[in-house]
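One structure is given here, and the rest of the page talks about it.
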Amino acid sequence: GCENLELISFHSTSKGLIGECGRRGGYMEMHNISPYVQAQVYKLASSGLCSGIAGQVMTSLMVNPPKPGDESYEKFMEEEKCIFDSLVRRSAALVEGLNKIDGIVCEQAEGAMYAFPAITVPKRACEEAAKNRQTPDTLYALSLLEETGICVVPASGFGQKEGRVGFRTTFLPPEDKIDGAIEGFARHHKIFCERYA
């Protein structure tokens with residue numbers, strides 16, 4: 001079993017189902033961690049600033065949502081379902097759209113609000129990146145930002161397999177903006193590949 005598993009987990013209002021980006025609040029839970037280590041982590045955490053009131057209130061609501069019988073329970077459940085269903089649709093639309101772009105392959109996003117597509121880039125792009133002392137996906141991400149205003153994170157920062165080029169993107173934009181983002185990804189990928197062909 002897992003009774004001896006040492007586990008530290010984190011959760012935040014900006015990364016969970018609430019998805020309130022920019023709202024800083026969350027918690028850390030330690031399970032089967034030595035009391036000495038817990039005390040040191042607590043000491044370190046106590047020396048930093050805590051989140052503002054809004055972040056603290058949102059964290060409280062996240063860990064203690066309305067319960068059946070509470071006045072706001074039905075509204076809360078309705079809104080939570082609406083948010084979740086929208087995230088599922090946005091995730092599917094983004095992944096489907098990225099997979100329609102020649103040179104981009106993306107697995108279905110599961111359990112997070114991010115997709116990690118792999119991209120095929122010309123050899124000259126890899127050479128240019130090396131010349132600039134950067135990874136090919138950093139060169140790509142900066143070009144994407146300059147050309148379209150779309151901000152992604154190079155996947156090289158996440159320990160991807162050697163030789164893989166990719167990026168991390170989110171599907172948090174409103175549903176009516178996803179198609180425009182996909183068009184931007186497609187337009188940029190074509191321009192980028194032509195530039196370094």
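Each chain in the structure tokens gets a letter, A, B, ..., in the order shown, and its residues are numbered from 1; ligands are numbered from 1 in order too.
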### Query
Could you pull the residues within 10 Å of range 3-11 of chain A, counting only C-alpha atoms, minus those fewer than 3 positions along the same chain, as an NGL selection string?
:A and (14-16 or 25-34 or 59 or 62-63)
For the selection you just gave me, I'd like the residues written to a file as a CSV table (one decimal), in the first residue's frame, keeping all heavy atoms.
```csv
chain,number,residue,atom,x,y,z
A,14,SER,N,-5.6,29.6,-8.8
A,14,SER,CA,-5.3,29.9,-10.2
A,14,SER,C,-5.2,28.7,-11.0
A,14,SER,O,-5.3,28.8,-12.2
A,14,SER,CB,-4.1,30.9,-10.3
A,14,SER,OG,-3.0,30.2,-9.9
A,15,LYS,N,-4.8,27.6,-10.5
A,15,LYS,CA,-4.6,26.4,-11.2
A,15,LYS,C,-5.7,25.3,-11.1
A,15,LYS,O,-5.7,24.3,-11.8
A,15,LYS,CB,-3.2,25.7,-10.8
A,15,LYS,CG,-2.1,26.6,-11.0
A,15,LYS,CD,-1.7,26.9,-12.4
A,15,LYS,CE,-0.5,27.6,-12.6
A,15,LYS,NZ,-0.6,29.0,-12.9
A,16,GLY,N,-6.6,25.5,-10.2
A,16,GLY,CA,-7.7,24.5,-10.0
A,16,GLY,C,-8.9,24.8,-10.9
A,16,GLY,O,-8.8,25.6,-11.8
A,25,GLY,N,-3.6,32.5,-4.1
A,25,GLY,CA,-4.0,31.8,-2.9
A,25,GLY,C,-3.9,30.3,-3.2
A,25,GLY,O,-4.1,29.8,-4.3
A,26,GLY,N,-3.6,29.6,-2.1
A,26,GLY,CA,-3.5,28.1,-2.3
A,26,GLY,C,-3.0,27.5,-1.0
A,26,GLY,O,-2.9,28.2,0.0
A,27,TYR,N,-2.7,26.2,-1.1
A,27,TYR,CA,-2.2,25.5,0.1
A,27,TYR,C,-1.3,24.4,-0.2
A,27,TYR,O,-1.2,24.0,-1.4
A,27,TYR,CB,-3.4,25.0,1.0
A,27,TYR,CG,-4.2,23.9,0.3
A,27,TYR,CD1,-3.8,22.6,0.4
A,27,TYR,CD2,-5.3,24.2,-0.5
A,27,TYR,CE1,-4.5,21.5,-0.2
A,27,TYR,CE2,-6.0,23.2,-1.1
A,27,TYR,CZ,-5.6,21.8,-0.9
A,27,TYR,OH,-6.3,20.8,-1.5
A,28,MET,N,-0.5,24.0,0.8
A,28,MET,CA,0.4,22.8,0.6
A,28,MET,C,0.0,21.8,1.7
A,28,MET,O,-0.3,22.2,2.9
A,28,MET,CB,1.8,23.3,0.8
A,28,MET,CG,2.8,22.2,0.8
A,28,MET,SD,4.5,22.8,0.9
A,28,MET,CE,4.6,23.4,2.6
A,29,GLU,N,0.0,20.6,1.4
A,29,GLU,CA,-0.3,19.5,2.3
A,29,GLU,C,0.8,18.6,2.4
A,29,GLU,O,1.4,18.2,1.3
A,29,GLU,CB,-1.6,18.8,1.9
A,29,GLU,CG,-2.0,17.6,2.8
A,29,GLU,CD,-3.2,16.9,2.3
A,29,GLU,OE1,-3.6,17.1,1.2
A,29,GLU,OE2,-3.7,16.1,3.1
A,30,MET,N,1.2,18.2,3.6
A,30,MET,CA,2.4,17.2,3.7
A,30,MET,C,1.8,16.0,4.4
A,30,MET,O,1.2,16.0,5.5
A,30,MET,CB,3.5,17.9,4.6
A,30,MET,CG,4.1,19.0,3.8
A,30,MET,SD,5.5,19.7,4.7
A,30,MET,CE,4.7,20.9,5.8
A,31,HIS,N,2.1,14.8,3.8
A,31,HIS,CA,1.7,13.5,4.3
A,31,HIS,C,2.9,12.6,4.5
A,31,HIS,O,3.7,12.4,3.6
A,31,HIS,CB,0.7,12.9,3.3
A,31,HIS,CG,0.1,11.6,3.8
A,31,HIS,ND1,-0.8,11.5,4.8
A,31,HIS,CD2,0.4,10.4,3.3
A,31,HIS,CE1,-1.1,10.2,4.9
A,31,HIS,NE2,-0.4,9.5,4.1
A,32,ASN,N,3.0,12.1,5.7
A,32,ASN,CA,4.1,11.2,6.1
A,32,ASN,C,5.5,11.9,5.9
A,32,ASN,O,6.5,11.3,5.6
A,32,ASN,CB,4.1,9.9,5.2
A,32,ASN,CG,3.2,8.9,5.8
A,32,ASN,OD1,2.8,8.9,6.9
A,32,ASN,ND2,2.9,7.9,5.0
A,33,ILE,N,5.5,13.2,6.1
A,33,ILE,CA,6.8,13.9,6.1
A,33,ILE,C,7.3,14.1,7.5
A,33,ILE,O,6.5,14.4,8.4
A,33,ILE,CB,6.6,15.3,5.4
A,33,ILE,CG1,6.0,15.2,4.0
A,33,ILE,CG2,7.9,16.1,5.4
A,33,ILE,CD1,6.8,14.4,3.0
A,34,SER,N,8.6,14.0,7.7
A,34,SER,CA,9.2,14.0,9.0
A,34,SER,C,8.8,15.3,9.7
A,34,SER,O,8.8,16.4,9.1
A,34,SER,CB,10.7,13.9,9.0
A,34,SER,OG,11.4,15.0,9.4
A,59,THR,N,-9.2,30.8,-1.5
A,59,THR,CA,-8.7,29.5,-1.0
A,59,THR,C,-9.7,28.9,0.0
A,59,THR,O,-10.0,27.7,-0.1
A,59,THR,CB,-7.3,29.7,-0.4
A,59,THR,OG1,-6.4,30.3,-1.3
A,59,THR,CG2,-6.8,28.4,0.1
A,62,MET,N,-12.4,27.5,-1.9
A,62,MET,CA,-12.0,26.3,-2.7
A,62,MET,C,-12.0,25.1,-1.8
A,62,MET,O,-12.4,24.0,-2.2
A,62,MET,CB,-10.6,26.6,-3.3
A,62,MET,CG,-10.0,25.4,-4.1
A,62,MET,SD,-8.4,25.9,-4.8
A,62,MET,CE,-7.4,25.9,-3.4
A,63,VAL,N,-11.5,25.2,-0.6
A,63,VAL,CA,-11.4,24.0,0.3
A,63,VAL,C,-12.6,23.8,1.1
A,63,VAL,O,-12.8,22.7,1.7
A,63,VAL,CB,-10.1,24.1,1.3
A,63,VAL,CG1,-8.9,24.2,0.4
A,63,VAL,CG2,-10.3,25.3,2.2
```
### Task
Using DSSP on the backbone, list every residue of range 30-184 of chain A that comes out as alpha helix (DSSP H), and give them as a PyMOL selection string.
chain A and resi 35-46+53-63+73-99+123-131+136-148+175-184
#### Entry: Between CA of Leu87 in chain A and CA of Met58 in chain A - distance in Å to one decimal
19.4 Å
### Task
Just the residues within 12 Å of Leu142 in chain A, please, counting only C-alpha atoms, with nothing from its chain fewer than 6 positions along; format it as a VMD selection string.
chain A and resid 129 134 to 136 148 to 154 167 188 192
Prev. selection, C-alpha atoms, output as an mmCIF file, in the first residue's frame:
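Okay, this is what ended up in selection_1.cif:
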```cif
data_model
loop_
_atom_site.group_PDB
_atom_site.id
_atom_site.type_symbol
_atom_site.label_atom_id
_atom_site.label_comp_id
_atom_site.auth_asym_id
_atom_site.auth_seq_id
_atom_site.Cartn_x
_atom_site.Cartn_y
_atom_site.Cartn_z
ATOM 1 C CA ALA A 129 18.786 28.729 -31.863
ATOM 2 C CA GLN A 134 18.888 29.126 -26.821
ATOM 3 C CA THR A 135 16.767 26.061 -27.370
ATOM 4 C CA PRO A 136 14.789 25.683 -30.612
ATOM 5 C CA THR A 148 0.992 36.908 -33.021
ATOM 6 C CA GLY A 149 1.056 38.112 -29.415
ATOM 7 C CA ILE A 150 0.432 34.523 -28.271
ATOM 8 C CA CYS A 151 2.550 33.704 -25.236
ATOM 9 C CA VAL A 152 3.614 30.083 -24.667
ATOM 10 C CA VAL A 153 6.317 28.484 -22.518
ATOM 11 C CA PRO A 154 9.130 26.530 -24.203
ATOM 12 C CA PHE A 167 5.780 24.317 -25.921
ATOM 13 C CA HIS A 188 2.938 31.546 -37.291
ATOM 14 C CA PHE A 192 8.422 30.218 -39.007
#
```
### Query
Where in range 91-170 of chain A does DSSP assign strand (DSSP E or B), given as an MDAnalysis selection string?
chainID A and resid 104:105 114:115 118:119 153:154 166:170
